[in-house]
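Student: What follows is structure_10.txt; its format and atoms are compact mmCIF, C-alpha atoms.
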```txt
# COMPACT_ATOMS: atom_id res chain seq x y z
CA MET A 70 5.03 36.68 -18.48
CA THR A 71 2.84 33.59 -18.38
CA VAL A 72 5.36 31.22 -20.03
CA GLU A 73 8.54 30.29 -18.19
CA CYS A 74 11.44 28.02 -19.09
CA ILE A 75 11.85 26.28 -15.75
CA ASP A 76 15.07 24.43 -16.64
CA GLY A 77 16.64 27.34 -18.48
CA ARG A 78 18.96 30.10 -17.29
CA SER A 79 17.06 33.31 -16.61
CA GLY A 80 19.71 35.51 -14.98
CA ALA A 81 18.03 35.30 -11.56
CA PRO A 82 16.82 32.53 -9.20
CA HIS A 83 13.45 31.37 -10.51
CA ILE A 84 12.96 27.68 -9.64
CA ASP A 85 11.00 26.97 -6.45
CA GLY A 86 9.36 24.07 -4.64
CA ALA A 87 6.15 24.44 -6.63
CA ASP A 88 8.07 23.86 -9.88
CA LYS A 89 9.75 20.75 -8.51
CA GLY A 90 6.49 19.53 -6.97
CA ARG A 91 4.65 19.73 -10.30
CA LEU A 92 7.51 17.83 -11.97
CA HIS A 93 7.31 15.05 -9.36
CA ALA A 94 3.53 14.88 -9.66
CA GLY A 95 3.79 14.71 -13.44
CA ILE A 96 6.11 11.70 -13.17
CA ALA A 97 4.75 9.84 -10.14
CA GLY A 98 1.11 10.92 -10.43
CA GLU A 99 -0.99 13.38 -8.47
CA ARG A 100 -1.20 11.27 -5.34
CA SER A 101 0.70 10.93 -2.11
CA GLY A 102 2.74 7.94 -0.99
CA VAL A 103 6.05 6.67 0.32
CA MET A 104 8.97 6.24 -2.06
CA GLN A 105 10.86 2.96 -2.26
CA VAL A 106 14.14 4.28 -0.88
CA GLY A 107 15.82 4.11 2.51
CA LYS A 108 13.88 2.27 5.21
CA ARG A 109 10.55 3.30 3.62
CA LEU A 110 9.50 5.10 6.84
CA ALA A 111 9.13 1.78 8.67
CA ALA A 112 7.56 2.05 12.13
CA THR A 113 8.83 0.44 15.33
CA GLN A 114 6.74 0.36 18.49
CA ASP A 115 8.96 1.37 21.39
CA SER A 116 6.32 1.39 24.12
CA ALA A 117 2.59 1.91 24.66
CA ASN A 118 2.88 5.55 23.63
CA LYS A 119 6.16 5.78 21.67
CA VAL A 120 6.69 4.89 18.00
CA THR A 121 9.87 5.43 16.00
CA VAL A 122 9.64 6.16 12.28
CA ALA A 123 12.71 5.13 10.27
CA VAL A 124 14.41 7.11 7.52
CA GLY A 125 12.78 7.41 4.13
CA ASP A 126 11.13 9.73 1.66
CA ALA A 127 7.57 10.46 0.63
CA LEU A 128 5.83 12.51 -2.00
CA ILE A 129 2.94 14.57 -0.69
CA HIS A 130 1.16 15.59 -3.88
CA GLY A 131 4.54 16.13 -5.55
CA ARG A 132 6.41 17.63 -2.60
CA GLN A 133 9.33 15.41 -1.51
CA CYS A 134 9.57 15.15 2.27
CA SER A 135 12.40 13.25 3.92
CA VAL A 136 12.91 11.72 7.35
CA THR A 137 16.69 11.91 7.48
CA ALA A 138 17.16 10.22 10.88
CA PRO A 139 14.92 7.91 12.94
CA GLU A 140 12.37 10.04 14.75
CA GLN A 141 10.20 9.13 17.71
CA VAL A 142 6.60 10.31 17.97
CA THR A 143 4.42 10.27 21.07
CA ILE A 144 0.95 8.76 21.26
CA THR A 145 -1.28 10.21 23.99
CA SER A 146 -1.96 7.51 26.55
CA GLY A 147 -5.31 5.75 26.37
CA THR A 148 -8.04 5.59 29.01
CA GLN A 149 -9.25 2.48 30.79
CA GLY A 150 -12.52 1.21 29.32
CA GLN A 151 -12.21 3.22 26.12
CA ARG A 152 -10.85 2.63 22.63
CA ARG A 153 -9.27 5.08 20.22
CA ASN A 154 -7.55 5.19 16.84
CA ASP A 155 -4.72 7.64 16.19
CA LEU A 156 -2.96 8.33 12.89
CA ILE A 157 0.76 9.03 12.60
CA CYS A 158 1.10 11.39 9.65
CA LEU A 159 3.64 13.26 7.57
CA HIS A 160 2.50 16.87 7.52
CA TYR A 161 3.57 19.36 4.83
CA MET A 162 3.30 23.05 5.78
CA ARG A 163 3.77 26.35 3.98
CA ARG A 164 4.00 29.37 6.26
CA ALA A 165 4.49 33.07 5.57
CA SER A 166 7.93 34.50 6.33
CA GLY A 167 8.01 38.23 5.83
CA SER A 168 7.14 38.88 2.18
CA ASP A 169 7.96 35.28 1.28
CA TYR A 170 7.07 31.82 2.61
CA ILE A 171 8.84 28.77 4.02
CA ASP A 172 8.05 25.13 3.20
CA SER A 173 8.57 22.55 5.95
CA ALA A 174 7.43 19.11 7.04
CA GLU A 175 6.98 17.25 10.31
CA LEU A 176 5.77 13.97 11.76
CA ALA A 177 2.53 14.60 13.62
CA VAL A 178 -0.19 12.55 15.32
CA LEU A 179 -3.88 13.03 14.62
CA ARG A 180 -5.76 11.90 17.72
CA GLY A 181 -9.02 10.01 17.35
CA THR A 182 -12.13 10.26 19.50
CA PRO A 183 -12.30 7.83 22.46
CA THR A 184 -15.33 5.54 22.52
CA THR A 185 -16.60 2.47 24.30
CA GLY A 186 -17.64 1.03 20.93
CA THR A 187 -15.72 0.59 17.70
CA PRO A 188 -13.29 3.48 17.21
CA ALA A 189 -13.01 5.35 13.91
CA ASP A 190 -9.91 6.94 12.43
CA PRO A 191 -9.64 10.68 12.99
CA THR A 192 -10.55 12.87 10.03
CA THR A 193 -7.52 13.81 7.96
CA PRO A 194 -7.58 17.55 7.18
CA VAL A 195 -8.40 18.21 3.53
CA GLY A 196 -5.74 20.00 1.51
CA ASN A 197 -3.70 19.54 -1.65
CA VAL A 198 -0.55 21.57 -2.11
CA LEU A 199 -0.91 21.27 -5.88
CA ASP A 200 -4.11 23.30 -5.53
CA GLY A 201 -2.39 25.90 -3.36
CA ALA A 202 -3.20 24.48 0.08
CA SER A 203 -0.78 25.51 2.84
CA ASP A 204 -1.28 22.20 4.72
CA ASP A 205 -1.22 18.70 3.25
CA TRP A 206 -1.35 15.47 5.24
CA LEU A 207 -0.19 11.94 4.45
CA PRO A 208 -1.36 9.34 7.00
CA LEU A 209 1.37 6.74 7.57
CA TYR A 210 0.23 4.46 10.41
CA ARG A 211 -2.82 3.72 12.49
CA VAL A 212 -2.24 3.04 16.18
CA SER A 213 -5.25 1.49 17.91
CA LEU A 214 -5.57 1.80 21.67
CA ASP A 215 -7.71 -0.43 23.87
CA GLY A 216 -7.59 1.14 27.30
CA VAL A 217 -3.93 1.82 27.96
CA THR A 218 -2.76 -0.94 25.60
CA ALA A 219 -1.56 0.14 22.16
CA ALA A 220 -1.53 -2.26 19.22
CA LYS A 221 1.34 -2.36 16.77
CA PRO A 222 1.25 0.40 14.13
CA VAL A 223 -0.63 -0.60 10.97
CA GLN A 224 0.58 0.81 7.65
CA VAL A 225 -2.03 2.88 5.81
CA PHE A 226 0.10 4.51 3.09
CA ASP A 227 0.79 3.31 -0.44
CA LEU A 228 4.27 2.58 -1.71
CA LEU A 229 4.77 4.53 -4.92
CA PRO A 230 5.88 2.33 -7.84
CA THR A 231 9.33 2.91 -9.29
CA LEU A 232 9.94 3.27 -13.01
CA GLN A 233 11.90 0.02 -12.81
CA SER A 234 8.90 -1.85 -11.38
CA VAL A 235 6.65 -0.38 -14.07
CA TRP A 236 9.08 -1.48 -16.77
CA ASP A 237 9.39 -4.95 -15.27
CA SER A 238 5.60 -5.38 -15.28
CA ILE A 239 5.36 -4.21 -18.89
CA SER A 240 8.23 -6.42 -20.06
CA ARG A 241 6.46 -9.49 -18.62
CA MET A 242 3.22 -8.77 -20.45
CA PRO A 243 2.51 -10.88 -23.52
CA ARG A 244 2.52 -9.20 -26.92
CA VAL A 245 -0.77 -9.44 -28.84
CA ILE A 246 -1.01 -9.19 -32.63
CA THR A 247 -4.37 -9.19 -34.42
CA GLY A 248 -5.22 -9.38 -38.09
CA SER A 249 -7.03 -11.29 -40.79
CA LYS A 250 -6.00 -13.46 -43.70
CA SER A 251 -7.89 -14.38 -46.88
CA PHE A 252 -6.87 -17.42 -48.90
CA GLN A 253 -8.26 -20.11 -51.19
CA TRP A 254 -9.25 -23.37 -49.50
CA VAL A 255 -7.35 -26.00 -51.52
CA TRP A 256 -7.53 -28.79 -48.96
CA GLY A 257 -10.06 -31.58 -48.93
CA GLY A 258 -10.54 -31.74 -45.15
CA ASN A 259 -11.38 -29.32 -42.36
CA LEU A 260 -7.70 -28.48 -41.60
CA GLY A 261 -5.75 -25.94 -43.65
CA ASP A 262 -2.55 -23.91 -43.56
CA LEU A 263 -2.82 -20.63 -41.67
CA PHE A 264 0.85 -19.71 -41.17
CA SER A 265 4.03 -21.30 -42.41
CA ASP A 266 7.14 -20.69 -40.33
CA SER A 267 8.28 -17.87 -42.61
CA GLN A 268 4.82 -16.27 -42.62
CA PHE A 269 4.62 -16.37 -38.84
CA LYS A 270 8.11 -14.83 -38.57
CA ALA A 271 7.09 -12.01 -40.91
CA ILE A 272 4.22 -11.11 -38.59
CA ALA A 273 5.63 -11.91 -35.14
CA GLY A 274 9.36 -11.43 -35.68
CA ARG A 275 10.20 -14.98 -34.62
CA SER A 276 9.06 -18.56 -35.01
CA PHE A 277 6.01 -19.88 -33.17
CA ASP A 278 6.89 -21.22 -29.71
CA ASN A 279 4.52 -24.01 -28.78
CA ASP A 280 5.41 -23.66 -25.06
CA ARG A 281 4.32 -20.03 -24.68
CA ASP A 282 2.51 -18.74 -27.78
CA VAL A 283 -1.19 -18.98 -28.65
CA VAL A 284 -3.12 -18.37 -31.89
CA THR A 285 -6.90 -18.04 -31.74
CA VAL A 286 -9.16 -17.70 -34.79
CA GLN A 287 -12.70 -16.98 -35.89
CA ASN A 288 -14.56 -17.02 -39.19
CA GLY A 289 -13.93 -13.62 -40.76
CA ASP A 290 -16.52 -13.80 -43.54
CA TRP A 291 -19.72 -15.64 -42.72
CA ALA A 292 -21.35 -14.63 -46.02
CA SER A 293 -18.87 -16.54 -48.18
CA ASN A 294 -18.23 -19.40 -45.73
CA SER A 295 -20.76 -20.15 -43.00
CA ILE A 296 -18.72 -22.85 -41.26
CA PRO A 297 -17.43 -21.93 -37.77
CA THR A 298 -13.76 -22.24 -36.91
CA VAL A 299 -12.97 -24.43 -33.91
CA GLY A 300 -9.33 -23.54 -33.26
CA THR A 301 -5.78 -23.96 -34.42
CA VAL A 302 -3.22 -26.74 -34.46
CA TYR A 303 0.56 -26.40 -34.44
CA GLN A 304 2.51 -29.12 -36.24
CA GLN A 305 6.06 -29.43 -34.95
CA SER A 306 7.26 -31.44 -37.95
CA ASP A 307 6.66 -28.70 -40.54
CA LYS A 308 6.48 -25.72 -38.12
CA LYS A 309 3.06 -24.71 -39.44
CA VAL A 310 0.01 -23.32 -37.68
CA TYR A 311 -3.20 -24.81 -39.10
CA VAL A 312 -6.74 -23.49 -38.83
CA ALA A 313 -9.47 -26.01 -38.10
CA TYR A 314 -13.10 -25.64 -39.20
CA MET A 315 -16.05 -27.56 -37.77
CA SER A 316 -16.42 -29.18 -41.18
CA ALA A 317 -14.56 -28.88 -44.45
CA PRO A 318 -15.17 -25.68 -46.45
CA ARG A 319 -15.99 -26.12 -50.11
CA LYS A 320 -12.78 -26.89 -51.98
CA ASN A 321 -11.24 -23.94 -53.89
CA SER A 322 -13.62 -21.50 -52.18
CA TRP A 323 -12.23 -18.35 -50.60
CA VAL A 324 -12.21 -18.01 -46.84
CA ARG A 325 -11.18 -15.24 -44.47
CA VAL A 326 -9.84 -15.97 -41.01
CA CYS A 327 -9.51 -13.34 -38.25
CA TYR A 328 -6.70 -14.21 -35.85
CA ALA A 329 -5.15 -13.11 -32.58
CA ILE A 330 -1.54 -14.09 -31.86
CA VAL A 331 -0.45 -13.96 -28.23
CA LEU A 332 3.33 -14.09 -27.87
CA GLY A 333 4.45 -15.21 -24.44
CA ALA A 334 7.10 -13.12 -22.70
```
Would you write the structure of this file as structure tokens?
Tutor:
Amino acid sequence: MTVECIDGRSGAPHIDGADKGRLHAGIAGERSGVMQVGKRLAATQDSANKVTVAVGDALIHGRQCSVTAPEQVTITSGTQGQRRNDLICLHYMRRASGSDYIDSAELAVLRGTPTTGTPADPTTPVGNVLDGASDDWLPLYRVSLDGVTAAKPVQVFDLLPTLQSVWDSISRMPRVITGSKSFQWVWGGNLGDLFSDSQFKAIAGRSFDNDRDVVTVQNGDWASNSIPTVGTVYQQSDKKVYVAYMSAPRKNSWVRVCYAIVLGA
């Protein structure tokens, strides 16, 4: 069968790591990074060749890997007169076990090539478990060595955004409403009513707030009225938004105004 109900009861065990990994990737995206839980895999330099990685979780192309207790990794000592970059990585592995396979993960160090010039990071092995790879690597920290001296670990991973942070960013975004309005120009000057308080409420759901809202306009029908708009004016006394033209349109002529309302969060 090519269709499977992953979350349904089938009468036999049928959910595996690949199912869960695809679910994670579908929610968090098909990329690797550290989750914002625990100590976020923070690194502490213990000595020139010892680094401790704190507890935390990461997604490696959908696979959740956890460091459940602080773990120390060893950096191979440097050589006098040479420089080198090493990468501390989280390494996902899938290995055969009889007729089945076992998933596992480890902290591992990719060692760079020593040089007397500017060192480069070691090449991270290519592999994506979502594509069936049996090895997948997530670099966490770069440790640069100058002779036998090791610099502090430098973070190279991305923190994966939480749904809460995504919602917070969306909720702070202004709301934009666009439209157009045709009406007869009954005023003698270059300033005319665009929205009364009740009209603005009908469109925006609330009254205009002069401290955080903006209304921009442009001439919506150049053929019938070739006078450019120059902006809008809000009058606190009558709670109206007025449109301003560069000069007065012909009285009793019809005009069309295109508008954009930006409602501040």
Student: Would you kindly return, as a list in words, each protein, DNA or RNA residue with an atom no farther than 8 Å from any atom of A:Leu229, considering only C-alpha atoms and excluding same-chain residues fewer than 3 positions away?
Tutor: Ala97, Gly102, Val103, Met104 and Gln105 of chain A
Student: Write out as a ChimeraX atom specification each polymer residue whose atoms come within 9 Å of A:Ala174, counting only C-alpha atoms; drop sequence neighbours fewer than 6 positions from it.
Tutor: /A:134-135,159-163
Student: Would you mind exporting the chosen residues as a short mmCIF file (atom, residue, chain, number, x, y, z; two decimals), in the frame of the given file, restricted to C-alpha atoms?
Tutor:
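Result file is part_35.cif:
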```
data_model
loop_
_atom_site.label_atom_id
_atom_site.label_comp_id
_atom_site.auth_asym_id
_atom_site.auth_seq_id
_atom_site.Cartn_x
_atom_site.Cartn_y
_atom_site.Cartn_z
CA CYS A 134 9.57 15.15 2.27
CA SER A 135 12.40 13.25 3.92
CA LEU A 159 3.64 13.26 7.57
CA HIS A 160 2.50 16.87 7.52
CA TYR A 161 3.57 19.36 4.83
CA MET A 162 3.30 23.05 5.78
CA ARG A 163 3.77 26.35 3.98
#
```
Student: Rank A:Arg132, A:Pro188, A:Thr193, A:Ala220 by their smallest atom-to-atom distance to A:Asn118, using only C-alpha atoms, and report the top residue only.
Tutor: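 Of the candidates, the smallest distance to A:Asn118 is held by A:Ala220.
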Student: Could you list, as a list in words, every residue within 12 Å of A:Gln151, counting only C-alpha atoms and ignoring same-chain residues fewer than 2 positions away?
Tutor: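 Residues meeting the cut-off are Ser146, Gly147, Thr148, Gln149, Arg153, Asn154, Gly181, Thr182, Pro183, Thr184, Thr185, Gly186, Thr187, Pro188, Ser213, Leu214, Asp215, Gly216, Val217, Thr218 and Ala219 of chain A.
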Student: Show me the residues around (9.8, -20.4, -38.8) - criterion: an atom at most 7 Å away, only C-alpha atoms counted - as a list in words.
Tutor: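 With a cut-off of 7 Å, the residues come to Ser265, Asp266, Ser267, Phe269, Lys270, Arg275, Ser276, Phe277 and Lys308 of chain A.
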Student: Which residue gives the smallest distance to A:Arg164 among A:Ser79, A:Ser322, A:Ser251, A:Ser203, with all atoms listed in the file counted?
Tutor: A:Ser203
Student: Atom CA of A:Phe226 and atom CA of A:Cys158, how far apart in Å?
Tutor: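 Atom CA of A:Phe226 lies 9.6 Å from atom CA of A:Cys158.
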Student: For A:Cys327, find every residue with an atom within 7 Å (counting all atoms listed in the file), except residues of its own chain fewer than 3 positions away, and show them as a PyMOL selection string.
Tutor: chain A and resi 248-250+286-289
Student: Taking into account only C-alpha atoms, which residue in the set A:Ile129, A:Ile144, A:Val212, A:Ile330 is nearest to A:Gly90?
Tutor: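 Selected residue with least distance to A:Gly90: A:Ile129.
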Student: One decimal, Å: what's the distance from atom CA of A:Arg91 over to atom CA of A:Thr137, could you say?
Tutor: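 Atom CA of A:Thr137 lies 22.9 Å from atom CA of A:Arg91.
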Student: Looking at all atoms listed in the file, which of A:Val122, A:Leu263, A:Val299, A:Ile171 is the one that sits closest to A:Arg325?
Tutor: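 Smallest separation from A:Arg325 among the options: A:Leu263.
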Student: Keeping just all heavy atoms, export stretch 249-260 of chain A of this structure as a JSON list (two decimals), in the first residue's frame.
Tutor:
```
[["chain", "number", "residue", "atom", "x", "y", "z"],
["A", 249, "SER", "N", -10.44, 51.79, -3.30],
["A", 249, "SER", "CA", -10.67, 53.05, -4.01],
["A", 249, "SER", "C", -12.07, 53.55, -3.69],
["A", 249, "SER", "O", -12.95, 52.77, -3.28],
["A", 249, "SER", "CB", -10.50, 52.87, -5.52],
["A", 249, "SER", "OG", -11.50, 52.03, -6.04],
["A", 250, "LYS", "N", -12.26, 54.83, -3.88],
["A", 250, "LYS", "CA", -13.54, 55.45, -3.55],
["A", 250, "LYS", "C", -13.85, 56.53, -4.59],
["A", 250, "LYS", "O", -13.01, 57.38, -4.88],
["A", 250, "LYS", "CB", -13.48, 56.07, -2.15],
["A", 250, "LYS", "CG", -14.77, 56.72, -1.69],
["A", 250, "LYS", "CD", -14.63, 57.30, -0.29],
["A", 250, "LYS", "CE", -15.94, 57.94, 0.16],
["A", 250, "LYS", "NZ", -15.83, 58.50, 1.52],
["A", 251, "SER", "N", -15.05, 56.45, -5.17],
["A", 251, "SER", "CA", -15.51, 57.47, -6.12],
["A", 251, "SER", "C", -16.58, 58.32, -5.44],
["A", 251, "SER", "O", -17.46, 57.80, -4.76],
["A", 251, "SER", "CB", -16.08, 56.81, -7.38],
["A", 251, "SER", "OG", -15.09, 56.08, -8.07],
["A", 252, "PHE", "N", -16.50, 59.62, -5.64],
["A", 252, "PHE", "CA", -17.49, 60.52, -5.05],
["A", 252, "PHE", "C", -17.50, 61.84, -5.81],
["A", 252, "PHE", "O", -16.57, 62.16, -6.57],
["A", 252, "PHE", "CB", -17.23, 60.75, -3.56],
["A", 252, "PHE", "CG", -15.83, 61.18, -3.23],
["A", 252, "PHE", "CD1", -15.50, 62.51, -3.12],
["A", 252, "PHE", "CD2", -14.83, 60.22, -3.02],
["A", 252, "PHE", "CE1", -14.21, 62.91, -2.80],
["A", 252, "PHE", "CE2", -13.53, 60.61, -2.71],
["A", 252, "PHE", "CZ", -13.22, 61.96, -2.60],
["A", 253, "GLN", "N", -18.57, 62.61, -5.62],
["A", 253, "GLN", "CA", -18.72, 63.89, -6.29],
["A", 253, "GLN", "C", -18.03, 64.98, -5.48],
["A", 253, "GLN", "O", -18.21, 65.06, -4.26],
["A", 253, "GLN", "CB", -20.20, 64.23, -6.48],
["A", 253, "GLN", "CG", -20.48, 65.34, -7.46],
["A", 253, "GLN", "CD", -21.95, 65.48, -7.78],
["A", 253, "GLN", "OE1", -22.80, 64.97, -7.06],
["A", 253, "GLN", "NE2", -22.26, 66.17, -8.87],
["A", 254, "TRP", "N", -17.24, 65.79, -6.17],
["A", 254, "TRP", "CA", -16.49, 66.86, -5.49],
["A", 254, "TRP", "C", -17.42, 68.06, -5.29],
["A", 254, "TRP", "O", -17.69, 68.82, -6.22],
["A", 254, "TRP", "CB", -15.27, 67.25, -6.31],
["A", 254, "TRP", "CG", -14.32, 68.09, -5.51],
["A", 254, "TRP", "CD1", -14.24, 69.44, -5.48],
["A", 254, "TRP", "CD2", -13.33, 67.60, -4.60],
["A", 254, "TRP", "NE1", -13.25, 69.85, -4.62],
["A", 254, "TRP", "CE2", -12.67, 68.73, -4.06],
["A", 254, "TRP", "CE3", -12.92, 66.33, -4.20],
["A", 254, "TRP", "CZ2", -11.64, 68.62, -3.14],
["A", 254, "TRP", "CZ3", -11.89, 66.21, -3.29],
["A", 254, "TRP", "CH2", -11.26, 67.35, -2.76],
["A", 255, "VAL", "N", -17.92, 68.24, -4.07],
["A", 255, "VAL", "CA", -18.89, 69.30, -3.79],
["A", 255, "VAL", "C", -18.26, 70.48, -3.05],
["A", 255, "VAL", "O", -18.96, 71.42, -2.68],
["A", 255, "VAL", "CB", -20.08, 68.74, -2.95],
["A", 255, "VAL", "CG1", -20.84, 67.69, -3.75],
["A", 255, "VAL", "CG2", -19.58, 68.16, -1.62],
["A", 256, "TRP", "N", -16.94, 70.40, -2.86],
["A", 256, "TRP", "CA", -16.27, 71.44, -2.10],
["A", 256, "TRP", "C", -15.62, 72.46, -3.04],
["A", 256, "TRP", "O", -15.25, 72.14, -4.17],
["A", 256, "TRP", "CB", -15.21, 70.83, -1.17],
["A", 256, "TRP", "CG", -15.81, 69.78, -0.29],
["A", 256, "TRP", "CD1", -16.43, 69.96, 0.90],
["A", 256, "TRP", "CD2", -15.86, 68.38, -0.56],
["A", 256, "TRP", "NE1", -16.87, 68.77, 1.41],
["A", 256, "TRP", "CE2", -16.53, 67.77, 0.52],
["A", 256, "TRP", "CE3", -15.43, 67.56, -1.61],
["A", 256, "TRP", "CZ2", -16.78, 66.41, 0.59],
["A", 256, "TRP", "CZ3", -15.67, 66.22, -1.55],
["A", 256, "TRP", "CH2", -16.34, 65.65, -0.45],
["A", 257, "GLY", "N", -15.46, 73.66, -2.56],
["A", 257, "GLY", "CA", -14.91, 74.70, -3.40],
["A", 257, "GLY", "C", -13.39, 74.74, -3.42],
["A", 257, "GLY", "O", -12.80, 75.31, -4.34],
["A", 258, "GLY", "N", -12.74, 74.14, -2.41],
["A", 258, "GLY", "CA", -11.29, 74.17, -2.32],
["A", 258, "GLY", "C", -10.64, 72.88, -2.77],
["A", 258, "GLY", "O", -11.24, 72.05, -3.45],
["A", 259, "ASN", "N", -9.38, 72.71, -2.35],
["A", 259, "ASN", "CA", -8.64, 71.51, -2.75],
["A", 259, "ASN", "C", -8.69, 70.41, -1.69],
["A", 259, "ASN", "O", -8.04, 69.38, -1.81],
["A", 259, "ASN", "CB", -7.18, 71.87, -3.02],
["A", 259, "ASN", "CG", -6.42, 72.23, -1.77],
["A", 259, "ASN", "OD1", -6.98, 72.87, -0.86],
["A", 259, "ASN", "ND2", -5.15, 71.84, -1.70],
["A", 260, "LEU", "N", -9.49, 70.60, -0.62],
["A", 260, "LEU", "CA", -9.60, 69.64, 0.48],
["A", 260, "LEU", "C", -11.02, 69.12, 0.55],
["A", 260, "LEU", "O", -11.98, 69.90, 0.55],
["A", 260, "LEU", "CB", -9.23, 70.33, 1.80],
["A", 260, "LEU", "CG", -8.72, 69.46, 2.96],
["A", 260, "LEU", "CD1", -7.40, 68.81, 2.60],
["A", 260, "LEU", "CD2", -8.57, 70.30, 4.23]]
```
